[in-house]
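Q: Contents of start-v5.txt (compact mmCIF, C-alpha atoms and all ligand atoms) are given next:
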# COMPACT_ATOMS: atom_id res chain seq x y z
CA MET A 1 15.68 -26.20 -9.60
CA GLY A 2 14.62 -28.54 -12.40
CA ASN A 3 11.83 -28.12 -14.89
CA TYR A 4 8.45 -27.38 -13.47
CA SER A 5 5.78 -29.65 -14.78
CA ALA A 6 2.32 -28.44 -15.57
CA ASN A 7 -0.22 -30.13 -17.78
CA GLY A 8 -2.59 -28.80 -20.38
CA ARG A 9 -2.58 -25.37 -21.93
CA ALA A 10 -4.21 -22.12 -21.08
CA ASP A 11 -7.41 -21.53 -22.93
CA ILE A 12 -8.57 -18.23 -21.66
CA TRP A 13 -6.96 -16.29 -24.51
CA ASN A 14 -9.42 -17.82 -26.93
CA ASN A 15 -12.27 -16.53 -24.80
CA PRO A 16 -13.11 -12.85 -24.86
CA VAL A 17 -12.71 -11.44 -21.39
CA GLY A 18 -13.52 -7.89 -22.37
CA ASP A 19 -16.44 -8.02 -19.94
CA ASN A 20 -14.05 -9.66 -17.52
CA SER A 21 -15.44 -13.13 -17.89
CA ARG A 22 -17.79 -13.40 -14.97
CA GLU A 23 -18.64 -16.83 -16.32
CA PHE A 24 -15.20 -17.94 -15.14
CA TYR A 25 -15.18 -16.20 -11.83
CA GLY A 26 -18.57 -16.85 -10.26
CA PHE A 27 -21.62 -14.80 -9.62
CA VAL A 28 -22.28 -11.56 -7.87
CA GLY A 29 -25.08 -13.14 -5.81
CA GLN A 30 -22.70 -15.72 -4.41
CA GLU A 31 -20.34 -12.99 -3.32
CA LEU A 32 -23.14 -11.22 -1.51
CA ASN A 33 -23.89 -14.30 0.55
CA GLN A 34 -20.23 -15.00 1.27
CA CYS A 35 -19.79 -11.43 2.29
CA ARG A 36 -22.62 -11.62 4.82
CA MET A 37 -21.54 -14.94 6.20
CA VAL A 38 -17.79 -14.68 6.36
CA VAL A 39 -16.77 -11.11 6.87
CA PRO A 40 -17.79 -8.66 9.52
CA LEU A 41 -19.33 -5.56 8.06
CA TYR A 42 -16.39 -3.20 8.56
CA SER A 43 -18.15 -0.32 6.90
CA LEU A 44 -20.97 0.33 4.51
CA SER A 45 -18.61 1.51 1.78
CA ILE A 46 -16.65 -1.76 1.95
CA PHE A 47 -19.86 -3.72 1.68
CA ARG A 48 -20.84 -1.69 -1.37
CA ASP A 49 -17.44 -2.41 -2.98
CA GLN A 50 -17.56 -6.12 -2.16
CA THR A 51 -20.91 -6.61 -3.86
CA LEU A 52 -19.20 -5.73 -7.15
CA LEU A 53 -16.35 -8.20 -6.89
CA SER A 54 -16.38 -11.60 -8.50
CA TYR A 55 -12.78 -11.83 -9.74
CA ARG A 56 -10.67 -14.53 -8.06
CA HIS A 57 -6.96 -14.55 -8.79
CA SER A 58 -6.84 -18.29 -8.02
CA PHE A 59 -8.02 -18.90 -11.62
CA HIS A 60 -5.03 -17.05 -13.04
CA ALA A 61 -2.14 -17.53 -10.62
CA GLY A 62 1.21 -18.14 -12.26
CA ASN A 63 0.10 -17.13 -15.76
CA PHE A 64 2.33 -15.13 -18.11
CA ALA A 65 1.02 -11.86 -16.66
CA ASP A 66 1.92 -12.93 -13.11
CA VAL A 67 5.39 -13.96 -14.24
CA VAL A 68 6.29 -10.51 -15.59
CA LYS A 69 4.62 -8.66 -12.70
CA HIS A 70 6.33 -10.83 -10.08
CA VAL A 71 9.74 -10.78 -11.76
CA VAL A 72 9.60 -6.98 -11.63
CA LEU A 73 8.35 -7.11 -8.03
CA VAL A 74 11.26 -9.35 -7.01
CA GLU A 75 13.73 -6.94 -8.64
CA MET A 76 12.24 -3.99 -6.76
CA LEU A 77 12.18 -5.78 -3.39
CA ASP A 78 15.69 -7.08 -3.92
CA HIS A 79 16.82 -3.53 -4.63
CA LEU A 80 15.13 -2.14 -1.51
CA THR A 81 16.76 -4.74 0.72
CA GLN A 82 20.26 -3.80 -0.47
CA LYS A 83 20.27 -0.98 2.09
CA GLU A 84 19.83 -1.53 5.84
CA LYS A 85 17.30 1.30 6.11
CA PRO A 86 13.73 0.04 6.59
CA PHE A 87 11.07 0.31 3.88
CA GLU A 88 7.32 -0.11 3.65
CA TYR A 89 5.53 -2.26 1.10
CA ILE A 90 1.94 -1.36 0.23
CA ASP A 91 -0.13 -3.78 -1.87
CA THR A 92 -3.43 -2.08 -2.70
CA HIS A 93 -4.97 -5.18 -4.33
CA SER A 94 -3.40 -8.21 -2.68
CA GLY A 95 -5.46 -11.25 -3.64
CA ALA A 96 -5.16 -14.40 -1.51
CA GLY A 97 -1.37 -14.18 -1.20
CA LEU A 98 -0.57 -17.79 -2.13
CA TYR A 99 -2.17 -20.20 -4.60
CA ASN A 100 -2.52 -23.95 -4.75
CA LEU A 101 -1.97 -24.87 -8.40
CA GLN A 102 -3.78 -28.17 -7.84
CA SER A 103 -6.98 -26.44 -6.70
CA ASN A 104 -10.12 -26.71 -8.82
CA ASP A 105 -9.83 -23.02 -9.67
CA ALA A 106 -6.25 -23.31 -10.94
CA LEU A 107 -6.92 -26.55 -12.81
CA ARG A 108 -9.99 -25.12 -14.51
CA LEU A 109 -8.05 -22.84 -16.87
CA GLN A 110 -4.50 -24.13 -16.32
CA GLU A 111 -3.14 -20.66 -17.00
CA HIS A 112 0.07 -21.38 -15.09
CA ALA A 113 0.87 -23.96 -17.79
CA ASN A 114 1.59 -21.09 -20.16
CA GLY A 115 3.39 -19.03 -17.53
CA ILE A 116 5.54 -20.36 -14.73
CA GLY A 117 5.01 -23.89 -16.06
CA GLN A 118 7.14 -22.98 -19.10
CA LEU A 119 10.12 -21.67 -17.16
CA ASN A 120 13.01 -23.07 -15.17
CA VAL A 121 16.04 -21.59 -13.49
CA ASN A 122 18.53 -23.40 -15.74
CA ASP A 123 17.18 -21.59 -18.80
CA PHE A 124 16.63 -18.36 -16.87
CA PRO A 125 19.52 -18.05 -14.40
CA GLU A 126 18.91 -14.28 -14.29
CA LEU A 127 15.63 -15.08 -12.50
CA GLU A 128 17.41 -16.86 -9.68
CA ARG A 129 15.84 -14.76 -6.92
CA TYR A 130 12.33 -15.17 -8.37
CA PHE A 131 12.80 -18.95 -8.45
CA GLU A 132 14.27 -18.81 -4.97
CA VAL A 133 10.95 -17.48 -3.63
CA ILE A 134 8.95 -20.17 -5.47
CA GLN A 135 11.37 -22.89 -4.38
CA SER A 136 11.05 -21.81 -0.74
CA LEU A 137 7.35 -22.74 -0.86
CA ASN A 138 7.62 -26.01 -2.79
CA PRO A 139 9.36 -29.39 -2.52
CA PRO A 140 12.40 -29.79 -4.81
CA ASN A 141 11.55 -29.90 -8.53
CA ALA A 142 7.83 -29.52 -7.92
CA LEU A 143 5.37 -26.72 -8.39
CA GLY A 144 2.43 -27.19 -6.05
CA VAL A 145 1.92 -23.61 -4.95
CA TYR A 146 2.62 -20.27 -6.55
CA PRO A 147 3.23 -17.10 -4.54
CA GLY A 148 1.11 -14.02 -5.03
CA SER A 149 2.59 -10.58 -4.51
CA PRO A 150 2.06 -10.68 -0.68
CA ALA A 151 3.94 -13.97 -0.32
CA ILE A 152 6.77 -12.58 -2.44
CA ALA A 153 6.94 -9.48 -0.25
CA GLN A 154 6.77 -11.62 2.89
CA TYR A 155 9.83 -13.54 1.66
CA PHE A 156 11.88 -10.34 1.35
CA LEU A 157 10.67 -8.45 4.41
CA ARG A 158 13.27 -8.02 7.16
CA PRO A 159 12.54 -7.31 10.82
CA GLN A 160 12.85 -3.56 10.23
CA ASP A 161 10.41 -3.50 7.25
CA ARG A 162 6.59 -3.31 7.21
CA ALA A 163 3.87 -4.34 4.77
CA TRP A 164 0.28 -3.16 4.35
CA LEU A 165 -1.96 -5.48 2.37
CA PHE A 166 -5.45 -4.58 1.19
CA GLU A 167 -7.98 -7.08 -0.14
CA LEU A 168 -11.71 -6.53 -0.49
CA HIS A 169 -12.93 -9.98 -1.50
CA PRO A 170 -14.07 -11.65 1.75
CA GLN A 171 -12.77 -15.13 0.95
CA ASP A 172 -9.46 -13.93 -0.41
CA TYR A 173 -9.08 -11.63 2.57
CA GLU A 174 -9.49 -14.60 4.93
CA LEU A 175 -6.98 -16.66 2.91
CA LEU A 176 -4.55 -13.75 2.84
CA ARG A 177 -4.70 -13.44 6.64
CA LYS A 178 -4.00 -17.15 6.91
CA HIS A 179 -1.05 -16.99 4.51
CA MET A 180 0.66 -14.03 6.15
CA VAL A 181 2.49 -15.33 9.18
CA ASN A 182 4.02 -12.24 10.69
CA ARG A 183 1.15 -10.05 11.87
CA LYS A 184 3.42 -7.64 13.65
CA ARG A 185 5.26 -6.74 10.50
CA ILE A 186 2.46 -7.36 8.00
CA LYS A 187 -0.92 -5.67 8.36
CA VAL A 188 -3.77 -7.23 6.39
CA ARG A 189 -6.87 -5.10 5.82
CA CYS A 190 -10.27 -5.86 4.32
CA GLU A 191 -10.52 -2.32 3.01
CA ASN A 192 -10.49 -0.47 -0.26
CA GLY A 193 -6.82 -0.35 -1.27
CA PHE A 194 -7.13 2.97 -3.09
CA GLU A 195 -8.35 4.66 0.07
CA GLY A 196 -5.88 2.73 2.21
CA LEU A 197 -3.00 3.94 0.08
CA ASN A 198 -3.96 7.55 0.50
CA ALA A 199 -4.07 7.18 4.27
CA LEU A 200 -0.61 5.55 4.47
CA LEU A 201 1.39 8.05 2.45
CA PRO A 202 4.00 9.24 3.09
CA PRO A 203 5.28 6.17 4.97
CA SER A 204 7.16 6.86 8.19
CA SER A 205 10.31 5.14 6.87
CA ARG A 206 10.34 7.49 3.85
CA ARG A 207 11.26 4.46 1.70
CA GLY A 208 8.44 2.61 0.08
CA LEU A 209 7.14 0.39 -2.70
CA VAL A 210 3.51 0.57 -3.76
CA LEU A 211 2.01 -2.16 -5.96
CA VAL A 212 -1.33 -1.27 -7.56
CA ASP A 213 -2.72 -4.42 -9.13
CA PRO A 214 -6.49 -4.36 -9.61
CA SER A 215 -8.35 -6.90 -11.71
CA TYR A 216 -9.96 -4.02 -13.68
CA GLU A 217 -13.24 -5.81 -13.15
CA ILE A 218 -14.68 -2.42 -12.30
CA LYS A 219 -14.20 -0.32 -15.42
CA SER A 220 -13.55 2.87 -13.48
CA ASP A 221 -10.38 1.23 -12.14
CA TYR A 222 -8.52 2.33 -15.30
CA ASP A 223 -9.06 5.96 -14.22
CA ARG A 224 -8.88 5.38 -10.49
CA VAL A 225 -5.47 3.74 -10.69
CA ILE A 226 -3.90 6.80 -12.27
CA GLU A 227 -5.78 9.27 -10.07
CA HIS A 228 -4.68 7.52 -6.90
CA VAL A 229 -1.09 7.03 -7.98
CA VAL A 230 -0.80 10.69 -9.01
CA GLY A 231 -2.39 11.67 -5.68
CA GLY A 232 -0.02 9.35 -3.80
CA TYR A 233 3.00 10.70 -5.66
CA LYS A 234 2.11 14.23 -4.60
CA LYS A 235 2.40 13.11 -0.96
CA PHE A 236 5.41 10.83 -1.44
CA SER A 237 7.38 11.58 -4.58
CA SER A 238 10.43 9.41 -3.81
CA GLY A 239 8.45 6.16 -3.55
CA ILE A 240 8.50 3.38 -6.10
CA TYR A 241 5.06 2.85 -7.66
CA ALA A 242 4.23 -0.15 -9.84
CA ILE A 243 0.95 -0.28 -11.76
CA TRP A 244 -0.10 -3.55 -13.38
CA TYR A 245 -2.40 -3.47 -16.43
CA PRO A 246 -4.01 -6.03 -18.75
CA VAL A 247 -4.21 -5.38 -22.49
CA VAL A 248 -7.77 -6.37 -23.33
CA ASP A 249 -8.62 -3.11 -25.06
CA ARG A 250 -5.45 -1.23 -26.06
CA HIS A 251 -7.28 2.12 -26.13
CA LYS A 252 -7.88 1.92 -22.38
CA ILE A 253 -4.16 1.42 -21.73
CA ASP A 254 -3.20 4.24 -24.10
CA ALA A 255 -5.63 6.49 -22.22
CA MET A 256 -4.10 5.50 -18.85
CA GLU A 257 -0.64 6.25 -20.19
CA THR A 258 -1.68 9.63 -21.57
CA LYS A 259 -3.27 10.58 -18.27
CA LEU A 260 -0.16 9.56 -16.32
CA LEU A 261 2.12 11.48 -18.67
CA LYS A 262 -0.01 14.61 -18.28
CA SER A 263 0.86 14.64 -14.58
CA ASP A 264 4.23 16.09 -13.69
CA ILE A 265 5.62 12.69 -12.69
CA LYS A 266 9.02 11.91 -14.20
CA ASN A 267 11.11 8.76 -14.33
CA ILE A 268 8.52 6.27 -15.60
CA GLN A 269 9.31 2.98 -17.32
CA ARG A 270 7.02 0.37 -18.84
CA PHE A 271 7.54 -3.38 -19.26
CA GLU A 272 5.00 -5.33 -21.26
CA LEU A 273 4.80 -8.86 -22.57
CA GLY A 274 2.26 -10.15 -25.05
CA ILE A 275 1.50 -13.66 -26.17
CA ALA A 276 -0.54 -12.60 -29.20
CA GLU A 277 -1.31 -9.54 -31.28
CA ASP A 278 -3.74 -6.96 -29.81
CA SER A 279 -7.25 -8.07 -30.58
CA ALA A 280 -10.76 -7.05 -29.66
CA GLU A 281 -11.88 -10.67 -29.68
CA ARG A 282 -9.25 -12.66 -27.86
CA GLY A 283 -9.39 -11.32 -24.31
CA MET A 284 -6.10 -10.46 -22.59
CA THR A 285 -3.36 -10.71 -25.20
CA ALA A 286 -0.69 -8.89 -23.21
CA SER A 287 -0.08 -7.33 -19.85
CA GLY A 288 2.41 -4.91 -18.45
CA ILE A 289 3.68 -3.03 -15.50
CA ILE A 290 4.43 0.68 -15.33
CA VAL A 291 7.06 1.63 -12.77
CA ILE A 292 7.62 5.11 -11.38
CA ASN A 293 11.06 5.69 -9.80
CA PRO A 294 12.34 2.25 -10.84
CA PRO A 295 15.56 0.82 -9.41
CA TRP A 296 18.41 1.84 -11.72
CA THR A 297 19.13 -1.78 -12.66
CA LEU A 298 15.60 -2.64 -13.74
CA PHE A 299 15.58 -1.33 -17.29
CA ASP A 300 18.69 -3.21 -18.44
CA LYS A 301 17.50 -6.38 -16.78
CA MET A 302 14.07 -6.22 -18.40
CA SER A 303 15.39 -5.26 -21.83
CA ASP A 304 17.41 -8.48 -21.90
CA LEU A 305 14.72 -10.58 -20.29
CA LEU A 306 11.54 -9.59 -22.14
CA PRO A 307 12.56 -10.85 -25.60
CA LYS A 308 13.75 -14.07 -24.01
CA LEU A 309 10.49 -14.52 -22.11
CA ALA A 310 8.53 -13.67 -25.25
CA ARG A 311 10.38 -16.38 -27.19
CA GLN A 312 9.47 -18.87 -24.47
CA LEU A 313 5.84 -17.89 -23.93
CA THR A 314 4.54 -16.62 -27.28
CA LYS A 315 2.74 -19.17 -29.39
CA GLY A 316 3.57 -17.86 -32.87
CA ASP A 317 6.77 -16.59 -34.50
CA GLU A 318 6.08 -12.93 -33.82
CA LEU A 319 7.35 -11.58 -30.47
CA TYR A 320 5.31 -9.02 -28.53
CA PHE A 321 7.02 -6.99 -25.86
CA LYS A 322 7.59 -3.37 -24.91
CA CYS A 323 10.40 -2.05 -22.80
CA ASP A 324 10.43 1.72 -22.74
CA VAL A 325 11.09 4.86 -20.84
CA LEU A 326 7.76 6.68 -20.82
CA SER A 327 9.22 9.68 -19.04
CA ALA A 328 12.91 10.31 -18.39
CA GLU A 329 14.28 11.26 -14.97
C1 LIG A 401 -5.24 -9.14 -9.72
S1 LIG A 401 -5.74 -9.55 -8.10
C2 LIG A 401 -4.31 -9.27 -7.13
C3 LIG A 401 -3.16 -10.19 -7.37
C4 LIG A 401 -1.98 -9.96 -6.47
N1 LIG A 401 -1.58 -8.57 -6.42
C5 LIG A 401 -0.79 -10.81 -6.91
O1 LIG A 401 0.05 -10.33 -7.70
O2 LIG A 401 -0.69 -11.93 -6.45
C6 LIG A 401 -6.76 -8.19 -7.66
C7 LIG A 401 -7.39 -8.33 -6.29
O3 LIG A 401 -7.92 -7.05 -5.90
C8 LIG A 401 -9.09 -7.23 -5.15
N2 LIG A 401 -9.78 -5.94 -5.17
C9 LIG A 401 -10.55 -5.41 -6.16
N3 LIG A 401 -10.85 -4.13 -5.89
C10 LIG A 401 -10.25 -3.83 -4.70
C11 LIG A 401 -10.13 -2.64 -3.93
N4 LIG A 401 -10.72 -1.51 -4.31
N5 LIG A 401 -9.39 -2.68 -2.80
C12 LIG A 401 -8.78 -3.83 -2.39
N6 LIG A 401 -8.86 -4.99 -3.10
C13 LIG A 401 -9.56 -4.98 -4.24
C14 LIG A 401 -9.77 -8.39 -5.83
O4 LIG A 401 -10.67 -9.04 -4.96
C15 LIG A 401 -8.58 -9.27 -6.24
O5 LIG A 401 -8.34 -10.26 -5.27
Since I need it in another form, could you write the structure as structure tokens?
A:
Amino acid sequence: MGNYSANGRADIWNNPVGDNSREFYGFVGQELNQCRMVVPLYSLSIFRDQTLLSYRHSFHAGNFADVVKHVVLVEMLDHLTQKEKPFEYIDTHSGAGLYNLQSNDALRLQEHANGIGQLNVNDFPELERYFEVIQSLNPPNALGVYPGSPAIAQYFLRPQDRAWLFELHPQDYELLRKHMVNRKRIKVRCENGFEGLNALLPPSSRRGLVLVDPSYEIKSDYDRVIEHVVGGYKKFSSGIYAIWYPVVDRHKIDAMETKLLKSDIKNIQRFELGIAEDSAERGMTASGIIVINPPWTLFDKMSDLLPKLARQLTKGDELYFKCDVLSAE
């Protein structure tokens, strides 16, 4: 695959998103109307949750945070498909599944320009499988669409595997349903992913990957993520769990980490990439993914890759990345 072309540069990092930048993502009132018009009222609790959501991942698809998250996701799925035994993939916060990088949303902030738009398989041959997924959705040497986590999982799923996708935003739920072609193997739910996760564990296959990737638009998500993962782990301790986080306020991430480490979960690794120093003013300066029960190959792969990605994506001379074992096996 040749160089991807993408114009402009991402601007969002100069804008504080500590309050999660509703100005970028729309208005709560709009969501209320969409919710009433588009989606059946599955339950009162869903309706209550939907009224809070204004985040749309279409503004951010393919940015530097997606790159690291999806590279790790590809590694985990690739690992799970090495054995014939079936596995289940659970995506608690799925988004729309697939993103048109020429849409008004994507063009508004051009975040992919400082993410996937900076990378190509010739410079990053170790990301061959990640590029393979992207290539499968695009014409040669072009980048028109970028896969979200559900599309990446869909690419890897074999006939014996299953996926459960949760998405609460009514429009993204409808898009997600449209983008997922195999309804027998892939179940799409307009339900709260935290509650959905609890109901699905342990999976019948006893092999599973759980991606927990909220937008953290709701501040309690920082606590909820850890509570639900710890609760899930108690029911299914051999599963792989991946938790994505944004570094907008480092204290919140430190607190998440402390809470996770206070549980008795072992075998936890963390992979983080920053494009600028931590700052209270600049919005999301870094993002990372915490993996419980990671594939044995993941750490070495990421320790080589993260400095290389940082050199490619960081604007200044300083490189910002973390690759550590938070808790040994
Ligand atoms: C960061 S995006 C997901 C991106 C996606 N995982 C990917 O990598 O392509 C977070 C999504 O979670 C949805 N969401 C927020 N709270 C939710 C909840 N409690 N349950 C299910 N979906 C939720 C939002 O509407 C948003 O689309």
Q: Using only C-alpha atoms and all ligand atoms, find each residue with an atom at most 6 Å away from ligand LIG 401 (chain A) and format the answer as a VMD selection string.
A: chain A and resid 55 to 57 92 to 95 97 148 to 149 166 to 169 191 to 194 213 to 215
Q: Write a file of the selected residues as a PDB file, keeping the file's coordinate frame, keeping C-alpha atoms.
A:
ATOM      1  CA  TYR A  55     -12.780 -11.830  -9.740  1.00  0.00           C
ATOM      2  CA  ARG A  56     -10.670 -14.530  -8.060  1.00  0.00           C
ATOM      3  CA  HIS A  57      -6.960 -14.550  -8.790  1.00  0.00           C
ATOM      4  CA  THR A  92      -3.430  -2.080  -2.700  1.00  0.00           C
ATOM      5  CA  HIS A  93      -4.970  -5.180  -4.330  1.00  0.00           C
ATOM      6  CA  SER A  94      -3.400  -8.210  -2.680  1.00  0.00           C
ATOM      7  CA  GLY A  95      -5.460 -11.250  -3.640  1.00  0.00           C
ATOM      8  CA  GLY A  97      -1.370 -14.180  -1.200  1.00  0.00           C
ATOM      9  CA  GLY A 148       1.110 -14.020  -5.030  1.00  0.00           C
ATOM     10  CA  SER A 149       2.590 -10.580  -4.510  1.00  0.00           C
ATOM     11  CA  PHE A 166      -5.450  -4.580   1.190  1.00  0.00           C
ATOM     12  CA  GLU A 167      -7.980  -7.080  -0.140  1.00  0.00           C
ATOM     13  CA  LEU A 168     -11.710  -6.530  -0.490  1.00  0.00           C
ATOM     14  CA  HIS A 169     -12.930  -9.980  -1.500  1.00  0.00           C
ATOM     15  CA  GLU A 191     -10.520  -2.320   3.010  1.00  0.00           C
ATOM     16  CA  ASN A 192     -10.490  -0.470  -0.260  1.00  0.00           C
ATOM     17  CA  GLY A 193      -6.820  -0.350  -1.270  1.00  0.00           C
ATOM     18  CA  PHE A 194      -7.130   2.970  -3.090  1.00  0.00           C
ATOM     19  CA  ASP A 213      -2.720  -4.420  -9.130  1.00  0.00           C
ATOM     20  CA  PRO A 214      -6.490  -4.360  -9.610  1.00  0.00           C
ATOM     21  CA  SER A 215      -8.350  -6.900 -11.710  1.00  0.00           C
TER      22      SER A 215
END
Q: Using Å and a single decimal, report how far atom CA of A:Thr81 sits from atom CA of A:Leu157.
A: 8.0 Å
Q: Find the residues near A:Asn100: any atom within 12 Å, counting all atoms listed in the file, skip ones fewer than 2 places away on the same chain, and give them as a list of chain:residue names.
A: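 After dropping sequence-adjacent residues, the list is A:His57, A:Ser58, A:Phe59, A:His60, A:Ala61, A:Gly62, A:Ala96, A:Gly97, A:Leu98, A:Gln102, A:Ser103, A:Asn104, A:Asp105, A:Ala106, A:Leu107, A:Gln110, A:His112, A:Leu137, A:Asn138, A:Leu143, A:Gly144, A:Val145, A:Tyr146, A:Pro147, A:Gly148, A:Leu175, A:His179.
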Q: So which residues touch A:Phe271 within 9 Å, counting all atoms listed in the file, skipping near sequence neighbours fewer than 6 positions away, as a compact mmCIF listing (two decimals) with C-alpha atoms, keeping the file's coordinate frame?
A:
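Heads up, here's the output in selection15.txt:
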# COMPACT_ATOMS: atom_id res chain seq x y z
CA VAL A 68 6.29 -10.51 -15.59
CA LYS A 69 4.62 -8.66 -12.70
CA VAL A 72 9.60 -6.98 -11.63
CA SER A 287 -0.08 -7.33 -19.85
CA GLY A 288 2.41 -4.91 -18.45
CA ILE A 289 3.68 -3.03 -15.50
CA ILE A 290 4.43 0.68 -15.33
CA VAL A 291 7.06 1.63 -12.77
CA PHE A 299 15.58 -1.33 -17.29
CA MET A 302 14.07 -6.22 -18.40
CA SER A 303 15.39 -5.26 -21.83
CA LEU A 306 11.54 -9.59 -22.14
CA PHE A 321 7.02 -6.99 -25.86
CA LYS A 322 7.59 -3.37 -24.91
CA CYS A 323 10.40 -2.05 -22.80
CA ASP A 324 10.43 1.72 -22.74
Q: Name the residues in contact with stretch 273-282 of chain A at a cut-off of 10 Å, using all atoms listed in the file, excluding same-chain residues fewer than 3 positions from it; report them as a PyMOL selection string.
A: chain A and resi 12-18+64-65+67-69+114+246-250+285-289+306-307+309-323
Q: Please report the interatomic distance between atom CA of A:Ile226 and atom CA of A:Arg185 in Å with one decimal.
A: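 For atom CA of A:Ile226 relative to atom CA of A:Arg185, the distance reads 28.0 Å.
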Q: Write out as a ChimeraX atom specification each polymer residue whose atoms come within 8 Å of A:Asn293, counting all atoms listed in the file; drop sequence neighbours fewer than 5 positions from it.
A: /A:238-241,266-268
Q: With 4 Å added on each side, what axis-aligned box encloses every listed atom of stretch 306-310 of chain A? Give the centre and edge lengths in Å to one decimal, as AutoDock Vina command-line options.
A:
--center_x 11.1 --center_y -12.1 --center_z -23.9 --size_x 13.2 --size_y 12.9 --size_z 11.5
Q: Can stretch 241-260 of chain A be brought up to N, CA and C atoms and written out as a compact mmCIF listing (two decimals), in the frame of the given file?
A:
# COMPACT_ATOMS: atom_id res chain seq x y z
N TYR A 241 6.46 3.23 -7.40
CA TYR A 241 5.06 2.85 -7.66
C TYR A 241 5.04 1.92 -8.86
N ALA A 242 4.35 0.78 -8.72
CA ALA A 242 4.23 -0.15 -9.84
C ALA A 242 2.75 -0.38 -10.12
N ILE A 243 2.36 -0.14 -11.36
CA ILE A 243 0.95 -0.28 -11.76
C ILE A 243 0.85 -1.41 -12.77
N TRP A 244 0.10 -2.44 -12.43
CA TRP A 244 -0.10 -3.55 -13.38
C TRP A 244 -1.30 -3.23 -14.27
N TYR A 245 -1.23 -3.64 -15.54
CA TYR A 245 -2.40 -3.47 -16.43
C TYR A 245 -2.52 -4.66 -17.39
N PRO A 246 -3.77 -5.01 -17.75
CA PRO A 246 -4.01 -6.03 -18.75
C PRO A 246 -4.31 -5.36 -20.10
N VAL A 247 -3.83 -5.94 -21.18
CA VAL A 247 -4.21 -5.38 -22.49
C VAL A 247 -5.37 -6.22 -23.03
N VAL A 248 -6.57 -5.76 -22.76
CA VAL A 248 -7.77 -6.37 -23.33
C VAL A 248 -8.28 -5.43 -24.43
N ASP A 249 -8.27 -4.15 -24.10
CA ASP A 249 -8.62 -3.11 -25.06
C ASP A 249 -7.47 -2.08 -25.02
N ARG A 250 -6.66 -2.06 -26.06
CA ARG A 250 -5.45 -1.23 -26.06
C ARG A 250 -5.78 0.25 -25.83
N HIS A 251 -6.95 0.70 -26.29
CA HIS A 251 -7.28 2.12 -26.13
C HIS A 251 -7.31 2.53 -24.65
N LYS A 252 -7.78 1.61 -23.82
CA LYS A 252 -7.88 1.92 -22.38
C LYS A 252 -6.47 2.12 -21.79
N ILE A 253 -5.53 1.32 -22.26
CA ILE A 253 -4.16 1.42 -21.73
C ILE A 253 -3.50 2.69 -22.26
N ASP A 254 -3.74 3.00 -23.53
CA ASP A 254 -3.20 4.24 -24.10
C ASP A 254 -3.73 5.44 -23.31
N ALA A 255 -5.02 5.37 -22.95
CA ALA A 255 -5.63 6.49 -22.22
C ALA A 255 -5.00 6.62 -20.82
N MET A 256 -4.75 5.47 -20.17
CA MET A 256 -4.10 5.50 -18.85
C MET A 256 -2.73 6.17 -18.95
N GLU A 257 -2.00 5.75 -19.98
CA GLU A 257 -0.64 6.25 -20.19
C GLU A 257 -0.66 7.77 -20.42
N THR A 258 -1.57 8.20 -21.26
CA THR A 258 -1.68 9.63 -21.57
C THR A 258 -1.97 10.42 -20.30
N LYS A 259 -2.89 9.90 -19.51
CA LYS A 259 -3.27 10.58 -18.27
C LYS A 259 -2.07 10.66 -17.31
N LEU A 260 -1.33 9.57 -17.22
CA LEU A 260 -0.16 9.56 -16.32
C LEU A 260 0.89 10.56 -16.81
